[in-house]
Amino acid sequence: MHEMMVAQSLLAAISAEAAKHNAKPLAARISCGKLYAINDEALCFALEALAKDTRCEGIKLEIEHKPIQAACKSCTEIFECELSPVTCPRCGSDDFSLLPDPPLLLEEIEFLTE
């Protein structure tokens, strides 16, 4: 299960930061591209299960999915798109390339200091 491995990595990073600050993590925010194959519910469930009986137990996870972006080869406009018929909003060209999908990033951790 891909989400379990992601949850393990997140928990390790969050736990390390919590130890540095001697604080209890209350919430964390991550972001990733829409093409990043992650199931929000499965990831939250996996994190909850792994965090049980740790300093991170009860942490709330917020997941932001960044839009897919493309670059028009005709006019160089960078624009958000869906994976359906795509045209550049500036010039109407359908000659484009998809930009790299944003990676999964741990954006923010909210702590309760002990």
# chains A, B, ... in the order shown; residues from 1 in each chain; ligands from 1
>>> residues_around(residues="Glu64 in chain A", least_positions_apart="4", cutoff="10 Å", atoms="only C-alpha atoms", output="CSV table (one decimal) with N, CA and C atoms, in the first residue's frame")
chain,number,residue,atom,x,y,z
A,29,ARG,N,0.1,19.9,7.3
A,29,ARG,CA,-0.4,20.2,5.9
A,29,ARG,C,0.6,19.7,4.9
A,30,ILE,N,0.2,18.9,4.0
A,30,ILE,CA,1.0,18.5,2.9
A,30,ILE,C,0.4,18.9,1.6
A,31,SER,N,1.2,18.9,0.5
A,31,SER,CA,0.7,19.2,-0.8
A,31,SER,C,1.4,18.3,-1.8
A,32,CYS,N,0.7,18.0,-2.9
A,32,CYS,CA,1.2,17.2,-3.9
A,32,CYS,C,0.4,17.5,-5.2
A,33,GLY,N,1.0,17.1,-6.3
A,33,GLY,CA,0.3,17.3,-7.6
A,33,GLY,C,-0.9,16.4,-7.8
A,34,LYS,N,-1.8,16.8,-8.6
A,34,LYS,CA,-3.0,15.9,-8.9
A,34,LYS,C,-2.6,14.6,-9.5
A,40,ASP,N,-6.5,10.2,-0.4
A,40,ASP,CA,-6.5,11.0,0.8
A,40,ASP,C,-7.0,10.2,2.0
A,104,LEU,N,5.2,15.5,-3.4
A,104,LEU,CA,4.6,15.6,-2.1
A,104,LEU,C,5.5,16.3,-1.2
A,105,LEU,N,5.0,17.4,-0.6
A,105,LEU,CA,5.8,18.1,0.4
A,105,LEU,C,5.1,18.3,1.7
A,107,GLU,N,4.3,20.7,4.1
A,107,GLU,CA,4.3,22.2,4.1
A,107,GLU,C,4.4,22.8,5.5
>>> residues_around(residues="Ala71 in chain A", least_positions_apart="4", cutoff="10 Å", atoms="only C-alpha atoms", output="PyMOL selection string")
chain A and resi 75-81+88+95-99
>>> write_last_selection(atoms="N, CA and C atoms", output="compact mmCIF listing (two decimals), in the first residue's frame")
# COMPACT_ATOMS: atom_id res chain seq x y z
N CYS A 75 2.97 30.04 -27.55
CA CYS A 75 3.14 31.37 -26.95
C CYS A 75 3.83 31.34 -25.59
N THR A 76 4.21 30.18 -25.09
CA THR A 76 4.89 29.94 -23.81
C THR A 76 4.04 30.22 -22.57
N GLU A 77 2.73 30.45 -22.74
CA GLU A 77 1.84 30.64 -21.60
C GLU A 77 1.86 29.38 -20.73
N ILE A 78 1.97 29.55 -19.41
CA ILE A 78 1.84 28.44 -18.47
C ILE A 78 0.45 28.54 -17.87
N PHE A 79 -0.30 27.42 -17.91
CA PHE A 79 -1.69 27.45 -17.49
C PHE A 79 -2.08 26.15 -16.81
N GLU A 80 -3.14 26.22 -15.98
CA GLU A 80 -3.70 25.03 -15.35
C GLU A 80 -4.57 24.32 -16.36
N CYS A 81 -4.61 23.00 -16.26
CA CYS A 81 -5.43 22.25 -17.21
C CYS A 81 -5.96 20.97 -16.56
N CYS A 88 -4.51 26.31 -25.02
CA CYS A 88 -3.91 27.43 -24.32
C CYS A 88 -4.95 28.54 -24.18
N ASP A 95 -1.03 22.71 -28.91
CA ASP A 95 0.33 22.17 -28.90
C ASP A 95 0.97 22.61 -27.58
N PHE A 96 1.08 21.69 -26.65
CA PHE A 96 1.57 22.02 -25.31
C PHE A 96 2.32 20.84 -24.74
N SER A 97 3.01 21.08 -23.64
CA SER A 97 3.64 19.99 -22.90
C SER A 97 3.27 20.15 -21.44
N LEU A 98 3.02 19.03 -20.78
CA LEU A 98 2.70 19.06 -19.35
C LEU A 98 3.97 19.36 -18.57
N LEU A 99 3.84 20.19 -17.57
CA LEU A 99 4.96 20.50 -16.69
C LEU A 99 5.05 19.42 -15.62
>>> residues_around(residues="Phe111 in chain A", least_positions_apart="5", cutoff="7 Å", atoms="only C-alpha atoms", output="list in words")
Ala23, Lys24, Pro25 and Leu26 of chain A
>>> closest_residue(among="A:Thr54, A:Ser9, A:Gln69, A:Asn39", to="Pro100 in chain A", atoms="only C-alpha atoms")
A:Gln69
>>> atom_distance(atom1="CA of Glu82 in chain A", atom2="CA of Pro102 in chain A")
15.0 Å
>>> closest_residue(among="A:Ala70, A:Ile38, A:Ile109, A:Arg55", to="Ser93 in chain A", atoms="only C-alpha atoms")
A:Ala70
>>> residues_around(residues="Met4 in chain A", least_positions_apart="6", cutoff="12 Å", atoms="only C-alpha atoms", output="PyMOL selection string")
chain A and resi 10-11+38-51
>>> write_last_selection(atoms="N, CA and C atoms", output="CSV table (one decimal), in the first residue's frame")
chain,number,residue,atom,x,y,z
A,10,LEU,N,6.0,10.5,6.5
A,10,LEU,CA,5.5,11.7,7.1
A,10,LEU,C,5.6,11.6,8.7
A,11,LEU,N,5.2,10.5,9.2
A,11,LEU,CA,5.3,10.3,10.7
A,11,LEU,C,6.7,10.5,11.2
A,38,ILE,N,-2.3,9.4,-4.9
A,38,ILE,CA,-2.4,9.2,-3.4
A,38,ILE,C,-3.9,9.3,-3.1
A,39,ASN,N,-4.4,8.4,-2.3
A,39,ASN,CA,-5.8,8.4,-1.8
A,39,ASN,C,-5.8,9.1,-0.5
A,40,ASP,N,-6.5,10.2,-0.4
A,40,ASP,CA,-6.5,11.0,0.8
A,40,ASP,C,-7.0,10.2,2.0
A,41,GLU,N,-8.1,9.5,1.9
A,41,GLU,CA,-8.7,8.7,3.0
A,41,GLU,C,-7.7,7.6,3.5
A,42,ALA,N,-7.1,6.9,2.5
A,42,ALA,CA,-6.2,5.9,2.9
A,42,ALA,C,-4.9,6.4,3.6
A,43,LEU,N,-4.4,7.6,3.1
A,43,LEU,CA,-3.3,8.2,3.8
A,43,LEU,C,-3.6,8.6,5.2
A,44,CYS,N,-4.8,9.3,5.4
A,44,CYS,CA,-5.2,9.7,6.7
A,44,CYS,C,-5.3,8.5,7.6
A,45,PHE,N,-5.9,7.4,7.1
A,45,PHE,CA,-6.1,6.2,7.9
A,45,PHE,C,-4.8,5.6,8.3
A,46,ALA,N,-3.9,5.5,7.4
A,46,ALA,CA,-2.6,5.0,7.6
A,46,ALA,C,-1.8,5.8,8.7
A,47,LEU,N,-1.9,7.1,8.5
A,47,LEU,CA,-1.2,8.0,9.5
A,47,LEU,C,-1.8,7.8,10.9
A,48,GLU,N,-3.1,7.8,10.9
A,48,GLU,CA,-3.8,7.6,12.2
A,48,GLU,C,-3.3,6.3,12.9
A,49,ALA,N,-3.3,5.2,12.1
A,49,ALA,CA,-2.9,3.9,12.6
A,49,ALA,C,-1.5,3.9,13.1
A,50,LEU,N,-0.6,4.5,12.3
A,50,LEU,CA,0.8,4.5,12.7
A,50,LEU,C,1.1,5.4,13.9
A,51,ALA,N,0.3,6.5,14.0
A,51,ALA,CA,0.6,7.4,15.1
A,51,ALA,C,0.0,7.0,16.5
>>> atom_distance(atom1="CA of Leu83 in chain A", atom2="CA of Ile68 in chain A")
8.3 Å
>>> closest_residue(among="A:Cys56, A:Ile63, A:Ala37, A:Cys91", to="Ala13 in chain A", atoms="only C-alpha atoms")
A:Cys56
>>> select_by_dssp(residues="range 43-108 of chain A", states="helix (DSSP H, G or I)", output="PyMOL selection string")
chain A and resi 43-51
>>> select_by_dssp(residues="chain A", states="strand (DSSP E)", output="ChimeraX atom specification")
/A:23-33,60-66,68-72,78-81,96-98,105-113
